[in-house]
Amino acid sequence: MAKGLLMTYTLWAVGGPAGLHHLYLGRDSHALLWMLTLGGGGLGWLWEFWMLPSFVAQANRAQEQRQGSGRGTPPLSLIRFVAQMIVGMYFGLVALISLSFMASFYIVGLPLAVGLGVLLVAAIGNQTSDLKNTLGAAFLTSPIFYGRPIAILPISLAASITAQKHRRYKPSVGSETLSVRLYRLGLAYLAFTGPLVHSVLCHTAVTLSYVADTLGSFLSWFSFFPLLGRLLESVLLLPFRAWKLLVGDHGISSSYFQEWEKLYEFVHSFQDEKRQLALQVFGLSEGATNEEIHGRYRELVKTWHPDHNRYQMEEAQRRFLEIQAAYEVLRQPRKPRESWRRTF
């Protein structure tokens with residue numbers, strides 16, 4: 001059945017950030033990307049207003065294009081390459097926040113997440129890329145930057161270059177029912193959001209610590225490029241500043257929005273914010289000595305060790321992880337608040 005332009009614009013207006021118009025046009029990879037990024041942060045959704053007629057035309061001649069697929073290579077697209085880089089880093093950041101507790105994370109988890117993000121963009125429209133070569137490039141790059149959050153940048157770069165090198169048209173496949181497509185999209189969405197939601201709701205303090213470490217390491221790398229670093233910082237702080245502009249300085253009533261607000265404040269004060277949060281976990285005040293911190297740590301570890309709390313294992317594991325993360329913050333020497341900006 002031919003796709004209608006009016007229906008496409010209607011779905012774009014009603015559920016564009018969730019990818020409803022892409023689902024209608026059979027662009028499932030694009031729909032999934034929009035579901036995971038809320039329409040590319042809203043910017044991609046707005047930019048698509050001018051692209052919808054070409055998307056509809058491409059969907060209506062999809063069968064003709066498939067018959068010609070496999071003959072030749074799609075043209076090189078700078079926009080697709082940049083999008084692969086950005087989405088690959090985005091997937092890597094989410095993995096760092098929600099999965100970095102895994103053993104061998106920097107060898108397996110991080111390159112897999114970044115590679116899948118790159119492949120998702122590579123599969124948009126009538127194009128795709130080689131799965132093995134793209135993931136292979138990610139896995140080969142990862143050990144070079146083992147243990148460093150900034151690894152997401154070179155991994156994404158290597159995977160994006162490889163995906164562009166092996167780009168090709170999608171082969172001809174039979175049409176699938178809507179239920180099968182929705183089932184596949186649902187599984188992919190849960191696989192992406194499930195670990196992140198669990199980490200945020202069940203290990204809030206640890207998650208915030210991971211976010212602070214990740215953003216701190218990532219932004220400190222851009223200290224060599226002052227203008228680019230300031231631009232990135234402004235982008236990260238834009239939602240926070242927009243919210244403060246709307247509600248003023250009265251704070252945010254919902255506890256989840258308070259955590260969200262604190263998360264973005266971390267961009268300006270990683271060391272101070274992390275230390276305050278760690279002191280709250282330990283129940284200590286500012287100015288506590290190293291002896292007090294170490295003594296409190298030993299006391300809390302003894303109290304909340306999972307082996308000593310078999311009847312409340314889940315709560316003990318959560319508290320034990322929070323204590324460990326807080327102690328790692330408090331045992332580090334304090335650095336000047338603006339030390340990562342000195343080159344600006």
# chains A, B, ... in the order shown; residues from 1 in each chain; ligands from 1

$ closest_atom_pairs --of "segment 83-113 of chain A" --to "segment 27-46 of chain A" --cutoff "12 Å" --atoms "only C-alpha atoms" --output "CSV"
residue,atom,partner,partner_atom,distance
A:Ala83,CA,A:Gly40,CA,9.7
A:Gln84,CA,A:Leu33,CA,11.1
A:Ile86,CA,A:Gly40,CA,10.1
A:Val87,CA,A:Leu33,CA,8.7
A:Gly88,CA,A:Leu33,CA,11.4
A:Tyr90,CA,A:Thr37,CA,9.0
A:Phe91,CA,A:Leu36,CA,9.5
A:Val94,CA,A:Leu36,CA,10.8

$ residues_around --residues "segment 276-290 of chain A" --least-positions-apart "3" --cutoff "8 Å" --atoms "only C-alpha atoms" --output "count of residues only"
16

$ closest_residue --among "A:Gly72, A:Gly115, A:Gly92, A:Gly16" --to "Ile150 of chain A" --atoms "only C-alpha atoms"
A:Gly92

$ closest_residue --among "A:Ala316, A:Leu20, A:Leu110, A:Ala123" --to "Pro143 of chain A" --atoms "only C-alpha atoms"
A:Leu110

$ atom_distance --atom1 "atom CA of Gln127 of chain A" --atom2 "atom CA of Arg168 of chain A"
5.7 Å

$ atom_distance --atom1 "atom CA of Ala137 of chain A" --atom2 "atom CA of Ile155 of chain A"
7.7 Å

$ closest_residue --among "A:Phe49, A:Trp12, A:Phe320, A:Phe81" --to "Ile161 of chain A" --atoms "only C-alpha atoms"
A:Phe81

$ atom_distance --atom1 "atom CA of Phe139 of chain A" --atom2 "atom CA of Gln164 of chain A"
16.9 Å

$ residues_around --residues "Glu315 of chain A" --least-positions-apart "4" --cutoff "10 Å" --atoms "only C-alpha atoms" --output "ChimeraX atom specification"
/A:202,304,306,309-311,319-320

$ closest_residue --among "A:Arg167, A:Leu185, A:Glu314, A:Thr177" --to "Asn126 of chain A" --atoms "only C-alpha atoms"
A:Arg167

$ residues_around --residues "segment 22-26 of chain A" --least-positions-apart "5" --cutoff "7 Å" --atoms "only C-alpha atoms" --output "list in words"
Lys3, Ala31, Val56 and Ala59 of chain A

$ closest_residue --among "A:Gly109, A:Gly136, A:Pro154, A:Gly194" --to "Met89 of chain A" --atoms "only C-alpha atoms"
A:Pro154

$ decode --residues "segment 185-199 of chain A" --atoms "all heavy atoms" --output "PDB file, in the first residue's frame"
ATOM      1  N   LEU A 185      11.326  -4.298  17.900  1.00  0.00           N
ATOM      2  CA  LEU A 185      11.650  -2.976  18.414  1.00  0.00           C
ATOM      3  C   LEU A 185      11.522  -2.920  19.933  1.00  0.00           C
ATOM      4  O   LEU A 185      12.333  -2.277  20.619  1.00  0.00           O
ATOM      5  CB  LEU A 185      10.743  -1.919  17.774  1.00  0.00           C
ATOM      6  CG  LEU A 185      11.008  -1.570  16.311  1.00  0.00           C
ATOM      7  CD1 LEU A 185       9.939  -0.633  15.784  1.00  0.00           C
ATOM      8  CD2 LEU A 185      12.379  -0.935  16.149  1.00  0.00           C
ATOM      9  N   GLY A 186      10.512  -3.589  20.470  1.00  0.00           N
ATOM     10  CA  GLY A 186      10.321  -3.613  21.917  1.00  0.00           C
ATOM     11  C   GLY A 186      11.474  -4.277  22.646  1.00  0.00           C
ATOM     12  O   GLY A 186      11.939  -3.791  23.675  1.00  0.00           O
ATOM     13  N   LEU A 187      11.949  -5.391  22.104  1.00  0.00           N
ATOM     14  CA  LEU A 187      13.083  -6.075  22.714  1.00  0.00           C
ATOM     15  C   LEU A 187      14.336  -5.190  22.689  1.00  0.00           C
ATOM     16  O   LEU A 187      15.076  -5.117  23.683  1.00  0.00           O
ATOM     17  CB  LEU A 187      13.357  -7.391  21.986  1.00  0.00           C
ATOM     18  CG  LEU A 187      12.354  -8.530  22.203  1.00  0.00           C
ATOM     19  CD1 LEU A 187      12.777  -9.764  21.407  1.00  0.00           C
ATOM     20  CD2 LEU A 187      12.233  -8.875  23.692  1.00  0.00           C
ATOM     21  N   ALA A 188      14.577  -4.537  21.549  1.00  0.00           N
ATOM     22  CA  ALA A 188      15.746  -3.664  21.450  1.00  0.00           C
ATOM     23  C   ALA A 188      15.636  -2.485  22.415  1.00  0.00           C
ATOM     24  O   ALA A 188      16.632  -2.092  23.052  1.00  0.00           O
ATOM     25  CB  ALA A 188      15.894  -3.160  20.011  1.00  0.00           C
ATOM     26  N   TYR A 189      14.437  -1.942  22.554  1.00  0.00           N
ATOM     27  CA  TYR A 189      14.245  -0.807  23.461  1.00  0.00           C
ATOM     28  C   TYR A 189      14.479  -1.217  24.910  1.00  0.00           C
ATOM     29  O   TYR A 189      15.136  -0.501  25.680  1.00  0.00           O
ATOM     30  CB  TYR A 189      12.832  -0.244  23.282  1.00  0.00           C
ATOM     31  CG  TYR A 189      12.550   0.980  24.107  1.00  0.00           C
ATOM     32  CD1 TYR A 189      12.976   2.234  23.678  1.00  0.00           C
ATOM     33  CD2 TYR A 189      11.871   0.891  25.325  1.00  0.00           C
ATOM     34  CE1 TYR A 189      12.723   3.367  24.428  1.00  0.00           C
ATOM     35  CE2 TYR A 189      11.619   2.018  26.081  1.00  0.00           C
ATOM     36  CZ  TYR A 189      12.045   3.255  25.632  1.00  0.00           C
ATOM     37  OH  TYR A 189      11.803   4.375  26.385  1.00  0.00           O
ATOM     38  N   LEU A 190      13.949  -2.377  25.296  1.00  0.00           N
ATOM     39  CA  LEU A 190      14.146  -2.853  26.667  1.00  0.00           C
ATOM     40  C   LEU A 190      15.605  -3.190  26.940  1.00  0.00           C
ATOM     41  O   LEU A 190      16.109  -2.957  28.045  1.00  0.00           O
ATOM     42  CB  LEU A 190      13.267  -4.083  26.922  1.00  0.00           C
ATOM     43  CG  LEU A 190      11.764  -3.828  27.014  1.00  0.00           C
ATOM     44  CD1 LEU A 190      11.015  -5.142  27.176  1.00  0.00           C
ATOM     45  CD2 LEU A 190      11.445  -2.892  28.181  1.00  0.00           C
ATOM     46  N   ALA A 191      16.298  -3.747  25.953  1.00  0.00           N
ATOM     47  CA  ALA A 191      17.710  -4.074  26.131  1.00  0.00           C
ATOM     48  C   ALA A 191      18.536  -2.817  26.372  1.00  0.00           C
ATOM     49  O   ALA A 191      19.540  -2.853  27.092  1.00  0.00           O
ATOM     50  CB  ALA A 191      18.236  -4.821  24.909  1.00  0.00           C
ATOM     51  N   PHE A 192      18.124  -1.700  25.777  1.00  0.00           N
ATOM     52  CA  PHE A 192      18.856  -0.449  25.947  1.00  0.00           C
ATOM     53  C   PHE A 192      18.497   0.245  27.255  1.00  0.00           C
ATOM     54  O   PHE A 192      19.378   0.695  28.000  1.00  0.00           O
ATOM     55  CB  PHE A 192      18.570   0.477  24.766  1.00  0.00           C
ATOM     56  CG  PHE A 192      19.307   1.789  24.812  1.00  0.00           C
ATOM     57  CD1 PHE A 192      20.564   1.906  24.239  1.00  0.00           C
ATOM     58  CD2 PHE A 192      18.742   2.900  25.412  1.00  0.00           C
ATOM     59  CE1 PHE A 192      21.245   3.114  24.277  1.00  0.00           C
ATOM     60  CE2 PHE A 192      19.423   4.107  25.460  1.00  0.00           C
ATOM     61  CZ  PHE A 192      20.672   4.215  24.885  1.00  0.00           C
ATOM     62  N   THR A 193      17.203   0.344  27.550  1.00  0.00           N
ATOM     63  CA  THR A 193      16.759   1.134  28.695  1.00  0.00           C
ATOM     64  C   THR A 193      16.725   0.350  29.999  1.00  0.00           C
ATOM     65  O   THR A 193      16.823   0.951  31.073  1.00  0.00           O
ATOM     66  CB  THR A 193      15.357   1.701  28.429  1.00  0.00           C
ATOM     67  OG1 THR A 193      14.430   0.607  28.198  1.00  0.00           O
ATOM     68  CG2 THR A 193      15.362   2.614  27.210  1.00  0.00           C
ATOM     69  N   GLY A 194      16.581  -0.984  29.931  1.00  0.00           N
ATOM     70  CA  GLY A 194      16.451  -1.771  31.151  1.00  0.00           C
ATOM     71  C   GLY A 194      17.603  -1.599  32.126  1.00  0.00           C
ATOM     72  O   GLY A 194      17.389  -1.234  33.295  1.00  0.00           O
ATOM     73  N   PRO A 195      18.859  -1.843  31.706  1.00  0.00           N
ATOM     74  CA  PRO A 195      19.984  -1.663  32.632  1.00  0.00           C
ATOM     75  C   PRO A 195      20.111  -0.238  33.147  1.00  0.00           C
ATOM     76  O   PRO A 195      20.468  -0.020  34.310  1.00  0.00           O
ATOM     77  CB  PRO A 195      21.199  -2.065  31.787  1.00  0.00           C
ATOM     78  CG  PRO A 195      20.651  -2.947  30.713  1.00  0.00           C
ATOM     79  CD  PRO A 195      19.295  -2.398  30.413  1.00  0.00           C
ATOM     80  N   LEU A 196      19.807   0.749  32.299  1.00  0.00           N
ATOM     81  CA  LEU A 196      19.920   2.144  32.723  1.00  0.00           C
ATOM     82  C   LEU A 196      18.890   2.482  33.788  1.00  0.00           C
ATOM     83  O   LEU A 196      19.210   3.110  34.811  1.00  0.00           O
ATOM     84  CB  LEU A 196      19.760   3.065  31.511  1.00  0.00           C
ATOM     85  CG  LEU A 196      19.868   4.565  31.782  1.00  0.00           C
ATOM     86  CD1 LEU A 196      21.250   4.912  32.329  1.00  0.00           C
ATOM     87  CD2 LEU A 196      19.590   5.353  30.509  1.00  0.00           C
ATOM     88  N   VAL A 197      17.639   2.052  33.581  1.00  0.00           N
ATOM     89  CA  VAL A 197      16.587   2.328  34.559  1.00  0.00           C
ATOM     90  C   VAL A 197      16.888   1.635  35.885  1.00  0.00           C
ATOM     91  O   VAL A 197      16.730   2.214  36.965  1.00  0.00           O
ATOM     92  CB  VAL A 197      15.219   1.887  34.006  1.00  0.00           C
ATOM     93  CG1 VAL A 197      14.147   1.963  35.084  1.00  0.00           C
ATOM     94  CG2 VAL A 197      14.823   2.748  32.806  1.00  0.00           C
ATOM     95  N   HIS A 198      17.340   0.385  35.814  1.00  0.00           N
ATOM     96  CA  HIS A 198      17.678  -0.342  37.036  1.00  0.00           C
ATOM     97  C   HIS A 198      18.809   0.356  37.785  1.00  0.00           C
ATOM     98  O   HIS A 198      18.771   0.483  39.023  1.00  0.00           O
ATOM     99  CB  HIS A 198      18.094  -1.771  36.688  1.00  0.00           C
ATOM    100  CG  HIS A 198      18.514  -2.580  37.875  1.00  0.00           C
ATOM    101  ND1 HIS A 198      19.833  -2.650  38.289  1.00  0.00           N
ATOM    102  CD2 HIS A 198      17.800  -3.332  38.752  1.00  0.00           C
ATOM    103  CE1 HIS A 198      19.917  -3.419  39.361  1.00  0.00           C
ATOM    104  NE2 HIS A 198      18.696  -3.847  39.662  1.00  0.00           N
ATOM    105  N   SER A 199      19.805   0.827  37.062  1.00  0.00           N
ATOM    106  CA  SER A 199      20.931   1.504  37.707  1.00  0.00           C
ATOM    107  C   SER A 199      20.499   2.802  38.369  1.00  0.00           C
ATOM    108  O   SER A 199      20.914   3.105  39.494  1.00  0.00           O
ATOM    109  CB  SER A 199      22.022   1.772  36.670  1.00  0.00           C
ATOM    110  OG  SER A 199      23.125   2.411  37.250  1.00  0.00           O
TER     111      SER A 199
END
